[in-house]
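Visitor: Structure: work22.pdb, PDB, C-alpha atoms, pLDDT in the B column.
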```
ATOM      1  CA  MET A   1      11.139 -13.038   4.491  1.00 43.00           C
ATOM      2  CA  THR A   2       9.276 -10.419   2.412  1.00 45.00           C
ATOM      3  CA  TYR A   3       7.612  -7.166   3.235  1.00 44.00           C
ATOM      4  CA  THR A   4       3.871  -6.800   3.412  1.00 56.00           C
ATOM      5  CA  ASP A   5       2.323  -4.853   0.580  1.00 72.00           C
ATOM      6  CA  LYS A   6       1.786  -1.757   2.709  1.00 87.00           C
ATOM      7  CA  GLU A   7       1.766   1.548   0.883  1.00 92.00           C
ATOM      8  CA  TYR A   8       2.842   4.804   2.514  1.00 95.00           C
ATOM      9  CA  GLY A   9       1.949   8.323   1.450  1.00 96.00           C
ATOM     10  CA  LEU A  10       3.710  11.639   1.979  1.00 97.00           C
ATOM     11  CA  GLU A  11       2.520  15.115   1.160  1.00 97.00           C
ATOM     12  CA  VAL A  12       5.536  17.141   0.067  1.00 98.00           C
ATOM     13  CA  TRP A  13       5.823  20.775  -0.907  1.00 98.00           C
ATOM     14  CA  GLY A  14       8.339  23.526  -1.494  1.00 97.00           C
ATOM     15  CA  ASP A  15       8.806  27.033  -2.850  1.00 97.00           C
ATOM     16  CA  MET A  16      10.694  25.784  -5.894  1.00 97.00           C
ATOM     17  CA  ALA A  17      11.796  22.563  -7.587  1.00 97.00           C
ATOM     18  CA  CYS A  18      13.999  21.464 -10.460  1.00 96.00           C
ATOM     19  CA  PHE A  19      13.707  17.903 -11.785  1.00 97.00           C
ATOM     20  CA  THR A  20      16.370  18.284 -14.441  1.00 94.00           C
ATOM     21  CA  ARG A  21      15.916  16.720 -17.855  1.00 94.00           C
ATOM     22  CA  PRO A  22      19.011  14.557 -18.528  1.00 90.00           C
ATOM     23  CA  GLU A  23      18.964  15.239 -22.273  1.00 87.00           C
ATOM     24  CA  LEU A  24      19.803  18.926 -21.684  1.00 81.00           C
ATOM     25  CA  LYS A  25      23.436  19.226 -20.629  1.00 73.00           C
ATOM     26  CA  VAL A  26      24.238  22.955 -20.362  1.00 75.00           C
ATOM     27  CA  GLU A  27      21.033  24.643 -19.242  1.00 83.00           C
ATOM     28  CA  ARG A  28      18.953  23.107 -16.454  1.00 89.00           C
ATOM     29  CA  VAL A  29      15.353  22.609 -17.541  1.00 94.00           C
ATOM     30  CA  SER A  30      12.929  20.923 -15.173  1.00 96.00           C
ATOM     31  CA  TYR A  31      10.323  18.306 -16.022  1.00 97.00           C
ATOM     32  CA  ASP A  32       6.793  19.578 -15.401  1.00 97.00           C
ATOM     33  CA  VAL A  33       6.306  17.267 -12.392  1.00 98.00           C
ATOM     34  CA  ILE A  34       8.341  15.287  -9.893  1.00 98.00           C
ATOM     35  CA  THR A  35      10.012  12.133 -11.242  1.00 97.00           C
ATOM     36  CA  PRO A  36       9.751   8.711  -9.531  1.00 97.00           C
ATOM     37  CA  SER A  37      13.465   8.825  -8.707  1.00 96.00           C
ATOM     38  CA  ALA A  38      13.100  12.207  -6.978  1.00 97.00           C
ATOM     39  CA  ALA A  39      10.106  10.871  -5.038  1.00 98.00           C
ATOM     40  CA  ARG A  40      12.117   7.801  -4.003  1.00 97.00           C
ATOM     41  CA  ASN A  41      14.923  10.037  -2.725  1.00 96.00           C
ATOM     42  CA  ILE A  42      12.478  11.849  -0.432  1.00 97.00           C
ATOM     43  CA  PHE A  43      11.416   8.546   1.158  1.00 97.00           C
ATOM     44  CA  GLN A  44      15.062   7.522   1.486  1.00 96.00           C
ATOM     45  CA  ALA A  45      15.963  10.823   3.140  1.00 96.00           C
ATOM     46  CA  ILE A  46      13.480   9.957   5.886  1.00 97.00           C
ATOM     47  CA  PHE A  47      14.371   6.287   6.260  1.00 95.00           C
ATOM     48  CA  TRP A  48      16.691   3.896   4.442  1.00 90.00           C
ATOM     49  CA  LYS A  49      18.473   0.639   5.237  1.00 86.00           C
ATOM     50  CA  PRO A  50      20.520  -1.656   2.967  1.00 81.00           C
ATOM     51  CA  ALA A  51      17.849  -4.330   3.388  1.00 80.00           C
ATOM     52  CA  ILE A  52      15.086  -2.264   1.762  1.00 84.00           C
ATOM     53  CA  GLN A  53      14.341  -0.309  -1.380  1.00 88.00           C
ATOM     54  CA  TRP A  54      11.545   2.196  -1.894  1.00 93.00           C
ATOM     55  CA  GLU A  55       9.278   1.560  -4.888  1.00 94.00           C
ATOM     56  CA  VAL A  56       7.158   4.567  -5.890  1.00 96.00           C
ATOM     57  CA  THR A  57       3.615   3.623  -6.947  1.00 96.00           C
ATOM     58  CA  ARG A  58       1.642   6.849  -7.401  1.00 97.00           C
ATOM     59  CA  ILE A  59       2.088  10.614  -7.682  1.00 98.00           C
ATOM     60  CA  GLU A  60      -0.690  13.124  -7.110  1.00 98.00           C
ATOM     61  CA  VAL A  61      -0.224  16.718  -8.309  1.00 98.00           C
ATOM     62  CA  LEU A  62      -1.982  19.349  -6.199  1.00 97.00           C
ATOM     63  CA  ASN A  63      -0.738  22.779  -7.303  1.00 97.00           C
ATOM     64  CA  PRO A  64      -0.842  24.243 -10.828  1.00 97.00           C
ATOM     65  CA  ILE A  65       2.322  23.676 -12.879  1.00 97.00           C
ATOM     66  CA  ARG A  66       4.174  26.988 -13.061  1.00 97.00           C
ATOM     67  CA  HIS A  67       7.684  27.710 -14.322  1.00 96.00           C
ATOM     68  CA  PHE A  68      10.120  30.520 -13.700  1.00 95.00           C
ATOM     69  CA  SER A  69      13.589  31.348 -14.957  1.00 94.00           C
ATOM     70  CA  VAL A  70      16.760  31.907 -12.932  1.00 91.00           C
ATOM     71  CA  ARG A  71      19.968  33.288 -14.443  1.00 88.00           C
ATOM     72  CA  ARG A  72      23.122  33.121 -12.355  1.00 80.00           C
ATOM     73  CA  ASN A  73      26.890  32.986 -12.511  1.00 79.00           C
ATOM     74  CA  GLU A  74      28.597  29.653 -11.953  1.00 79.00           C
ATOM     75  CA  VAL A  75      32.209  28.514 -11.924  1.00 80.00           C
ATOM     76  CA  GLY A  76      32.911  26.207 -14.866  1.00 75.00           C
ATOM     77  CA  ALA A  77      35.720  24.237 -13.218  1.00 76.00           C
ATOM     78  CA  ILE A  78      36.179  21.594 -10.553  1.00 79.00           C
ATOM     79  CA  GLY A  79      38.688  22.080  -7.781  1.00 76.00           C
ATOM     80  CA  SER A  80      41.323  19.518  -6.852  1.00 78.00           C
ATOM     81  CA  ALA A  81      42.497  18.410  -3.407  1.00 77.00           C
ATOM     82  CA  LYS A  82      46.046  17.834  -4.629  1.00 81.00           C
ATOM     83  CA  PRO A  83      48.553  20.161  -2.916  1.00 80.00           C
ATOM     84  CA  ASP A  84      50.195  21.148  -6.224  1.00 81.00           C
ATOM     85  CA  ALA A  85      46.909  21.859  -8.017  1.00 79.00           C
ATOM     86  CA  ALA A  86      46.464  25.271  -9.555  1.00 80.00           C
ATOM     87  CA  PRO A  87      43.907  27.508  -7.813  1.00 81.00           C
ATOM     88  CA  ILE A  88      40.625  28.333  -9.525  1.00 81.00           C
ATOM     89  CA  ILE A  89      40.175  32.031 -10.252  1.00 80.00           C
ATOM     90  CA  ALA A  90      36.411  32.561 -10.219  1.00 76.00           C
ATOM     91  CA  THR A  91      36.521  35.643 -12.443  1.00 77.00           C
ATOM     92  CA  GLU A  92      38.370  33.640 -15.116  1.00 77.00           C
ATOM     93  CA  LYS A  93      36.141  30.555 -14.983  1.00 78.00           C
ATOM     94  CA  ARG A  94      32.811  32.309 -14.583  1.00 81.00           C
ATOM     95  CA  GLN A  95      29.913  31.142 -16.749  1.00 82.00           C
ATOM     96  CA  GLN A  96      26.402  32.544 -16.905  1.00 82.00           C
ATOM     97  CA  LYS A  97      23.715  29.835 -17.028  1.00 83.00           C
ATOM     98  CA  ASN A  98      19.954  29.833 -17.119  1.00 89.00           C
ATOM     99  CA  SER A  99      17.662  27.425 -15.254  1.00 91.00           C
ATOM    100  CA  ILE A 100      13.967  26.776 -15.894  1.00 94.00           C
ATOM    101  CA  MET A 101      12.478  25.680 -12.555  1.00 96.00           C
ATOM    102  CA  LEU A 102       9.079  25.024 -10.978  1.00 97.00           C
ATOM    103  CA  ARG A 103       7.431  27.406  -8.544  1.00 97.00           C
ATOM    104  CA  ASP A 104       5.277  26.596  -5.489  1.00 97.00           C
ATOM    105  CA  VAL A 105       4.939  22.813  -5.907  1.00 98.00           C
ATOM    106  CA  ARG A 106       2.891  20.391  -3.819  1.00 98.00           C
ATOM    107  CA  TYR A 107       2.553  16.645  -4.356  1.00 98.00           C
ATOM    108  CA  ARG A 108       1.316  13.548  -2.630  1.00 98.00           C
ATOM    109  CA  ILE A 109       3.707  10.675  -3.308  1.00 98.00           C
ATOM    110  CA  TYR A 110       3.113   7.014  -2.490  1.00 97.00           C
ATOM    111  CA  ALA A 111       5.600   4.164  -2.175  1.00 96.00           C
ATOM    112  CA  ARG A 112       6.059   0.753  -0.592  1.00 93.00           C
ATOM    113  CA  MET A 113       9.042  -1.021   0.920  1.00 90.00           C
ATOM    114  CA  VAL A 114      10.554  -3.854  -1.073  1.00 85.00           C
ATOM    115  CA  TYR A 115      12.990  -6.192   0.668  1.00 78.00           C
ATOM    116  CA  GLN A 116      16.443  -6.424  -0.875  1.00 69.00           C
ATOM    117  CA  PRO A 117      18.421  -9.613  -0.173  1.00 62.00           C
ATOM    118  CA  PRO A 118      21.987  -8.891   1.000  1.00 57.00           C
ATOM    119  CA  ARG A 119      24.601  -8.588  -1.722  1.00 53.00           C
ATOM    120  CA  LEU A 120      26.907 -11.570  -1.777  1.00 46.00           C
ATOM    121  CA  ARG A 121      30.641 -11.273  -1.611  1.00 45.00           C
ATOM    122  CA  LYS A 122      32.768 -13.485  -3.812  1.00 46.00           C
ATOM    123  CA  GLY A 123      32.550 -17.085  -2.645  1.00 45.00           C
ATOM    124  CA  GLU A 124      29.572 -16.517  -0.323  1.00 44.00           C
ATOM    125  CA  SER A 125      26.275 -18.353  -0.576  1.00 42.00           C
ATOM    126  CA  ALA A 126      22.778 -16.924  -0.171  1.00 45.00           C
ATOM    127  CA  HIS A 127      21.418 -16.751   3.349  1.00 41.00           C
ATOM    128  CA  LYS A 128      18.215 -15.644   5.019  1.00 47.00           C
ATOM    129  CA  PRO A 129      17.983 -12.183   6.626  1.00 50.00           C
ATOM    130  CA  GLY A 130      19.020 -11.997  10.256  1.00 53.00           C
ATOM    131  CA  PRO A 131      16.565 -11.812  13.147  1.00 55.00           C
ATOM    132  CA  ASP A 132      16.892  -8.011  13.310  1.00 58.00           C
ATOM    133  CA  GLU A 133      15.930  -7.641   9.629  1.00 64.00           C
ATOM    134  CA  ASN A 134      12.164  -7.908   9.675  1.00 73.00           C
ATOM    135  CA  PRO A 135       9.467  -5.933   7.887  1.00 76.00           C
ATOM    136  CA  ALA A 136       7.528  -4.894  10.995  1.00 80.00           C
ATOM    137  CA  LYS A 137      10.597  -3.247  12.527  1.00 84.00           C
ATOM    138  CA  TYR A 138      11.438  -1.231   9.420  1.00 87.00           C
ATOM    139  CA  GLN A 139       7.833  -0.172   8.895  1.00 89.00           C
ATOM    140  CA  ALA A 140       7.540   0.986  12.508  1.00 90.00           C
ATOM    141  CA  MET A 141      10.794   2.930  12.224  1.00 92.00           C
ATOM    142  CA  PHE A 142       9.634   4.736   9.088  1.00 94.00           C
ATOM    143  CA  GLU A 143       6.199   5.544  10.537  1.00 94.00           C
ATOM    144  CA  ARG A 144       7.752   6.934  13.719  1.00 95.00           C
ATOM    145  CA  ARG A 145      10.290   9.068  11.875  1.00 95.00           C
ATOM    146  CA  ALA A 146       7.883  10.380   9.229  1.00 95.00           C
ATOM    147  CA  SER A 147       5.160  11.231  11.747  1.00 95.00           C
ATOM    148  CA  LYS A 148       7.671  13.289  13.772  1.00 94.00           C
ATOM    149  CA  GLY A 149       9.177  15.013  10.739  1.00 93.00           C
ATOM    150  CA  GLN A 150      12.556  13.355  11.253  1.00 93.00           C
ATOM    151  CA  CYS A 151      14.967  12.666   8.399  1.00 93.00           C
ATOM    152  CA  PHE A 152      18.558  11.514   7.956  1.00 92.00           C
ATOM    153  CA  THR A 153      19.230  14.198   5.342  1.00 93.00           C
ATOM    154  CA  MET A 154      17.129  17.204   4.328  1.00 94.00           C
ATOM    155  CA  PRO A 155      14.734  16.082   1.550  1.00 96.00           C
ATOM    156  CA  TYR A 156      14.904  18.099  -1.636  1.00 96.00           C
ATOM    157  CA  LEU A 157      12.875  18.546  -4.800  1.00 97.00           C
ATOM    158  CA  GLY A 158      15.254  17.573  -7.585  1.00 95.00           C
ATOM    159  CA  THR A 159      18.276  19.656  -6.590  1.00 92.00           C
ATOM    160  CA  ARG A 160      19.628  20.281  -3.094  1.00 91.00           C
ATOM    161  CA  GLU A 161      18.913  23.999  -3.209  1.00 92.00           C
ATOM    162  CA  CYS A 162      15.175  23.158  -3.434  1.00 95.00           C
ATOM    163  CA  SER A 163      14.349  22.049   0.094  1.00 95.00           C
ATOM    164  CA  ALA A 164      11.225  19.924   0.599  1.00 97.00           C
ATOM    165  CA  PHE A 165       8.819  19.872   3.521  1.00 97.00           C
ATOM    166  CA  PHE A 166       6.752  16.759   4.207  1.00 97.00           C
ATOM    167  CA  THR A 167       4.033  15.227   6.336  1.00 96.00           C
ATOM    168  CA  LEU A 168       2.937  11.600   6.668  1.00 96.00           C
ATOM    169  CA  LEU A 169      -0.520  10.859   5.236  1.00 96.00           C
ATOM    170  CA  PRO A 170      -3.058   8.664   7.025  1.00 92.00           C
ATOM    171  CA  GLU A 171      -3.232   5.082   5.772  1.00 86.00           C
ATOM    172  CA  GLY A 172      -5.504   4.748   2.747  1.00 81.00           C
ATOM    173  CA  ALA A 173      -5.599   8.496   2.017  1.00 87.00           C
ATOM    174  CA  LYS A 174      -5.728   8.953  -1.746  1.00 89.00           C
ATOM    175  CA  GLY A 175      -7.355  11.363  -4.136  1.00 87.00           C
ATOM    176  CA  GLY A 176      -9.498  14.271  -2.977  1.00 89.00           C
ATOM    177  CA  GLU A 177     -11.023  17.484  -4.206  1.00 91.00           C
ATOM    178  CA  ASP A 178      -7.688  19.316  -3.965  1.00 93.00           C
ATOM    179  CA  LEU A 179      -6.133  17.384  -6.873  1.00 96.00           C
ATOM    180  CA  LEU A 180      -5.134  19.400  -9.928  1.00 96.00           C
ATOM    181  CA  LYS A 181      -8.064  19.128 -12.347  1.00 95.00           C
ATOM    182  CA  GLU A 182      -5.907  18.617 -15.396  1.00 95.00           C
ATOM    183  CA  SER A 183      -4.796  15.771 -17.656  1.00 96.00           C
ATOM    184  CA  ARG A 184      -1.544  15.954 -19.582  1.00 96.00           C
ATOM    185  CA  ASP A 185       0.888  13.704 -21.438  1.00 96.00           C
ATOM    186  CA  PHE A 186       4.445  14.456 -20.276  1.00 96.00           C
ATOM    187  CA  GLY A 187       6.081  12.118 -22.783  1.00 94.00           C
ATOM    188  CA  LEU A 188       9.271  10.216 -22.037  1.00 95.00           C
ATOM    189  CA  MET A 189      10.421  10.894 -18.470  1.00 96.00           C
ATOM    190  CA  LEU A 190      13.275   9.638 -16.312  1.00 95.00           C
ATOM    191  CA  TYR A 191      12.006   6.773 -14.147  1.00 96.00           C
ATOM    192  CA  ASP A 192      15.081   5.915 -12.085  1.00 94.00           C
ATOM    193  CA  LEU A 193      18.578   4.480 -12.295  1.00 91.00           C
ATOM    194  CA  ASP A 194      19.323   0.765 -12.335  1.00 89.00           C
ATOM    195  CA  PHE A 195      21.999   0.180  -9.666  1.00 82.00           C
ATOM    196  CA  SER A 196      22.021  -3.633  -9.975  1.00 78.00           C
ATOM    197  CA  ASP A 197      25.540  -3.435 -11.448  1.00 82.00           C
ATOM    198  CA  PRO A 198      27.511  -0.641  -9.711  1.00 80.00           C
ATOM    199  CA  ARG A 199      30.020  -0.666 -12.563  1.00 86.00           C
ATOM    200  CA  ASN A 200      27.321  -0.016 -15.153  1.00 88.00           C
ATOM    201  CA  ILE A 201      24.494   2.202 -13.846  1.00 88.00           C
ATOM    202  CA  ILE A 202      21.702   2.332 -16.431  1.00 92.00           C
ATOM    203  CA  PRO A 203      19.038   5.083 -16.668  1.00 93.00           C
ATOM    204  CA  MET A 204      15.427   3.921 -17.005  1.00 95.00           C
ATOM    205  CA  PHE A 205      12.579   5.868 -18.628  1.00 96.00           C
ATOM    206  CA  TYR A 206       8.800   5.630 -18.924  1.00 96.00           C
ATOM    207  CA  TYR A 207       5.956   7.500 -20.617  1.00 96.00           C
ATOM    208  CA  ALA A 208       4.346   9.632 -17.933  1.00 96.00           C
ATOM    209  CA  ARG A 209       0.723  10.689 -18.203  1.00 97.00           C
ATOM    210  CA  MET A 210      -1.313  12.640 -15.677  1.00 97.00           C
ATOM    211  CA  THR A 211      -5.061  11.990 -15.512  1.00 96.00           C
ATOM    212  CA  ASP A 212      -7.028  14.420 -13.345  1.00 96.00           C
ATOM    213  CA  GLY A 213      -3.902  15.162 -11.316  1.00 96.00           C
ATOM    214  CA  VAL A 214      -2.860  11.516 -10.836  1.00 97.00           C
ATOM    215  CA  ILE A 215       0.204   9.749 -12.286  1.00 97.00           C
ATOM    216  CA  GLU A 216       0.237   5.978 -11.877  1.00 97.00           C
ATOM    217  CA  VAL A 217       3.861   4.814 -11.682  1.00 97.00           C
ATOM    218  CA  PRO A 218       4.632   1.358 -13.158  1.00 95.00           C
ATOM    219  CA  THR A 219       6.700  -1.244 -11.327  1.00 92.00           C
ATOM    220  CA  PRO A 220      10.415  -1.470 -12.237  1.00 89.00           C
ATOM    221  CA  GLY A 221      10.071  -4.836 -13.996  1.00 86.00           C
ATOM    222  CA  SER A 222       7.054  -3.918 -16.140  1.00 91.00           C
ATOM    223  CA  GLU A 223       7.126  -3.448 -19.919  1.00 92.00           C
ATOM    224  CA  GLU A 224       6.351   0.243 -19.451  1.00 94.00           C
ATOM    225  CA  VAL A 225       9.827   0.878 -18.032  1.00 94.00           C
ATOM    226  CA  MET A 226      12.513   1.152 -20.689  1.00 93.00           C
ATOM    227  CA  LYS A 227      16.303   1.033 -20.429  1.00 86.00           C
TER     228      LYS A 227
END
```
Please lay out the structure from this file as structure tokens.
Guide:
Amino acid sequence: MTYTDKEYGLEVWGDMACFTRPELKVERVSYDVITPSAARNIFQAIFWKPAIQWEVTRIEVLNPIRHFSVRRNEVGAIGSAKPDAAPIIATEKRQQKNSIMLRDVRYRIYARMVYQPPRLRKGESAHKPGPDENPAKYQAMFERRASKGQCFTMPYLGTRECSAFFTLLPEGAKGGEDLLKESRDFGLMLYDLDFSDPRNIIPMFYYARMTDGVIEVPTPGSEEVMK
């Protein structure tokens, strides 16, 4: 059983966003636009089941790309739950860090459901999905939840402090006069993480280019996605 090739669209926006570049370890510096993995997480926050995976297909940028800087104090230590662990004294572990974030962002993101066969335990053989695992049911559940603004967890734009608001787009709604009239090459950008082997999670990258406010996202198995 496979899912129909139905594509869903969400318009998402927020006061700030931070899609952190993985190559910068100390200071947080955001990519100029939302990454496919961050877009996937928004869909998953609304609806997710083990039988499906969200595959992002397109990103539309609506608002101008604007950055701002935030400097704040952070604690450079991780606490322990062990009873004999030494306490963390914030004044002794304090570190001042700078973050380059995005201001007033708005995107339209598009994705489709892809059916994931159940993972097999050792010694098990492949089997067909059960009668309650069908595409129509999952699609109806997502449409109902997204249209009502429901979500399992609060969607966010890169980091959890950057809350995201969303609305479900009508079927077939793409493009429009409100797109950002700008083309830009963003270079190598994080695509997503490969979770096929939980013991060895591999980051994937792709060359992102925006043409008149539109970023076409390649499929995971295409040559454009690099590991």
Visitor: Between A:Ile59, A:Met101, A:Leu24, A:Met189, which residue has the minimum interatomic distance to Cys162 in chain A, considering only C-alpha atoms?
Guide: A:Met101
Visitor: Run the PyMOL selection byres ((chain A and resi 112) around 7) against the file shown and list the residues it catches, as a list in words.
Guide: Asp5, Lys6, Glu7, Tyr8, Trp54, Glu55, Val56, Ala111, Met113 and Val114 of chain A
Visitor: Tell me which residues the PyMOL selection byres ((chain A and resi 171) around 8) grabs here, as a VMD selection string.
Guide: chain A and resid 7 to 9 169 to 170 172 to 173
Visitor: Name all residues at most 9 Å from Val217 in chain A (count all atoms listed in the file; drop same-chain ones fewer than 3 positions away) and give them as a PDB file with C-alpha atoms, in the coordinates of the input.
Guide:
```pdb
ATOM      1  CA  PRO A  36       9.751   8.711  -9.531  1.00 97.00           C
ATOM      2  CA  VAL A  56       7.158   4.567  -5.890  1.00 96.00           C
ATOM      3  CA  THR A  57       3.615   3.623  -6.947  1.00 96.00           C
ATOM      4  CA  ARG A  58       1.642   6.849  -7.401  1.00 97.00           C
ATOM      5  CA  ILE A  59       2.088  10.614  -7.682  1.00 98.00           C
ATOM      6  CA  TYR A 191      12.006   6.773 -14.147  1.00 96.00           C
ATOM      7  CA  TYR A 206       8.800   5.630 -18.924  1.00 96.00           C
ATOM      8  CA  ALA A 208       4.346   9.632 -17.933  1.00 96.00           C
TER       9      ALA A 208
END
```
Visitor: CA of Thr91 in chain A and CA of Phe68 in chain A are how many Å apart?
Guide: 26.9 Å
Visitor: Val12 in chain A: which residues within 12 Å, counting all atoms listed in the file, same-chain residues fewer than 6 positions away excluded, as number ranges by chain?
Guide: A: 34, 38-39, 42-43, 59-63, 104-110, 146, 149, 155-157, 162-169
Visitor: Identify, on the basis of all atoms listed in the file, every residue whose closest approach to Lys227 in chain A does not exceed 7 Å; exclude the query and any residue fewer than 3 positions from it along the same chain; express the result as number ranges by chain.
Guide: A: 202-205
Visitor: Please, what distance in Å, to one decimal, runs between CA of Pro87 in chain A and CA of Asn73 in chain A?
Guide: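 Separation of CA of Pro87 in chain A and CA of Asn73 in chain A: 18.5 Å.
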Visitor: Any idea what's packed within 12 Å of Arg66 in chain A, counting all atoms listed in the file, ignoring anything in its chain fewer than 6 positions away? Could you give it as a list in words?
Guide: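 The neighbour list is Asp15, Met16, Ala17, Cys18, Ser30, Tyr31, Asp32, Val33, Ile100, Met101, Leu102, Arg103, Asp104, Val105 and Arg106 of chain A.
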Visitor: Just so the selection is clear, what residues does the PyMOL selection byres ((chain A and resi 137-145) around 10) cover here, as a PDB file with C-alpha atoms, in the coordinates of the input?
Guide:
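Saved the output as out-v4.pdb:
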```
ATOM      1  CA  TYR A   3       7.612  -7.166   3.235  1.00 44.00           C
ATOM      2  CA  THR A   4       3.871  -6.800   3.412  1.00 56.00           C
ATOM      3  CA  LYS A   6       1.786  -1.757   2.709  1.00 87.00           C
ATOM      4  CA  TYR A   8       2.842   4.804   2.514  1.00 95.00           C
ATOM      5  CA  PHE A  43      11.416   8.546   1.158  1.00 97.00           C
ATOM      6  CA  GLN A  44      15.062   7.522   1.486  1.00 96.00           C
ATOM      7  CA  ILE A  46      13.480   9.957   5.886  1.00 97.00           C
ATOM      8  CA  PHE A  47      14.371   6.287   6.260  1.00 95.00           C
ATOM      9  CA  TRP A  48      16.691   3.896   4.442  1.00 90.00           C
ATOM     10  CA  LYS A  49      18.473   0.639   5.237  1.00 86.00           C
ATOM     11  CA  ALA A  51      17.849  -4.330   3.388  1.00 80.00           C
ATOM     12  CA  ILE A  52      15.086  -2.264   1.762  1.00 84.00           C
ATOM     13  CA  ARG A 112       6.059   0.753  -0.592  1.00 93.00           C
ATOM     14  CA  MET A 113       9.042  -1.021   0.920  1.00 90.00           C
ATOM     15  CA  ASP A 132      16.892  -8.011  13.310  1.00 58.00           C
ATOM     16  CA  GLU A 133      15.930  -7.641   9.629  1.00 64.00           C
ATOM     17  CA  ASN A 134      12.164  -7.908   9.675  1.00 73.00           C
ATOM     18  CA  PRO A 135       9.467  -5.933   7.887  1.00 76.00           C
ATOM     19  CA  ALA A 136       7.528  -4.894  10.995  1.00 80.00           C
ATOM     20  CA  ALA A 146       7.883  10.380   9.229  1.00 95.00           C
ATOM     21  CA  SER A 147       5.160  11.231  11.747  1.00 95.00           C
ATOM     22  CA  LYS A 148       7.671  13.289  13.772  1.00 94.00           C
ATOM     23  CA  GLY A 149       9.177  15.013  10.739  1.00 93.00           C
ATOM     24  CA  GLN A 150      12.556  13.355  11.253  1.00 93.00           C
ATOM     25  CA  CYS A 151      14.967  12.666   8.399  1.00 93.00           C
ATOM     26  CA  PHE A 152      18.558  11.514   7.956  1.00 92.00           C
ATOM     27  CA  LEU A 168       2.937  11.600   6.668  1.00 96.00           C
TER      28      LEU A 168
END
```
Visitor: I'd like the interatomic distance between CA of Ile65 in chain A and CA of Thr20 in chain A, to a tenth of an Å.
Guide: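 These atoms are spaced 15.1 Å apart.
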Visitor: Output range 80-91 of chain A as a compact mmCIF listing (two decimals), in the coordinates of the input, making sure N, CA and C atoms are there.
Guide:
```txt
# COMPACT_ATOMS: atom_id res chain seq x y z
N SER A 80 40.58 20.73 -7.16
CA SER A 80 41.32 19.52 -6.85
C SER A 80 41.90 19.61 -5.45
N ALA A 81 41.94 18.46 -4.76
CA ALA A 81 42.50 18.41 -3.41
C ALA A 81 44.01 18.21 -3.40
N LYS A 82 44.60 18.03 -4.56
CA LYS A 82 46.05 17.83 -4.63
C LYS A 82 46.78 19.10 -4.21
N PRO A 83 47.85 18.97 -3.42
CA PRO A 83 48.55 20.16 -2.92
C PRO A 83 49.17 21.01 -4.02
N ASP A 84 49.55 20.38 -5.15
CA ASP A 84 50.20 21.15 -6.22
C ASP A 84 49.21 21.61 -7.29
N ALA A 85 47.91 21.47 -7.03
CA ALA A 85 46.91 21.86 -8.02
C ALA A 85 46.81 23.37 -8.13
N ALA A 86 46.58 23.83 -9.33
CA ALA A 86 46.46 25.27 -9.56
C ALA A 86 45.14 25.78 -8.97
N PRO A 87 45.15 26.96 -8.38
CA PRO A 87 43.91 27.51 -7.81
C PRO A 87 42.93 27.89 -8.93
N ILE A 88 41.66 27.92 -8.58
CA ILE A 88 40.62 28.33 -9.52
C ILE A 88 40.32 29.81 -9.29
N ILE A 89 40.49 30.61 -10.32
CA ILE A 89 40.17 32.03 -10.25
C ILE A 89 38.74 32.19 -10.77
N ALA A 90 37.83 32.53 -9.86
CA ALA A 90 36.41 32.56 -10.22
C ALA A 90 36.12 33.51 -11.37
N THR A 91 36.79 34.66 -11.38
CA THR A 91 36.52 35.64 -12.44
C THR A 91 36.95 35.14 -13.82
```
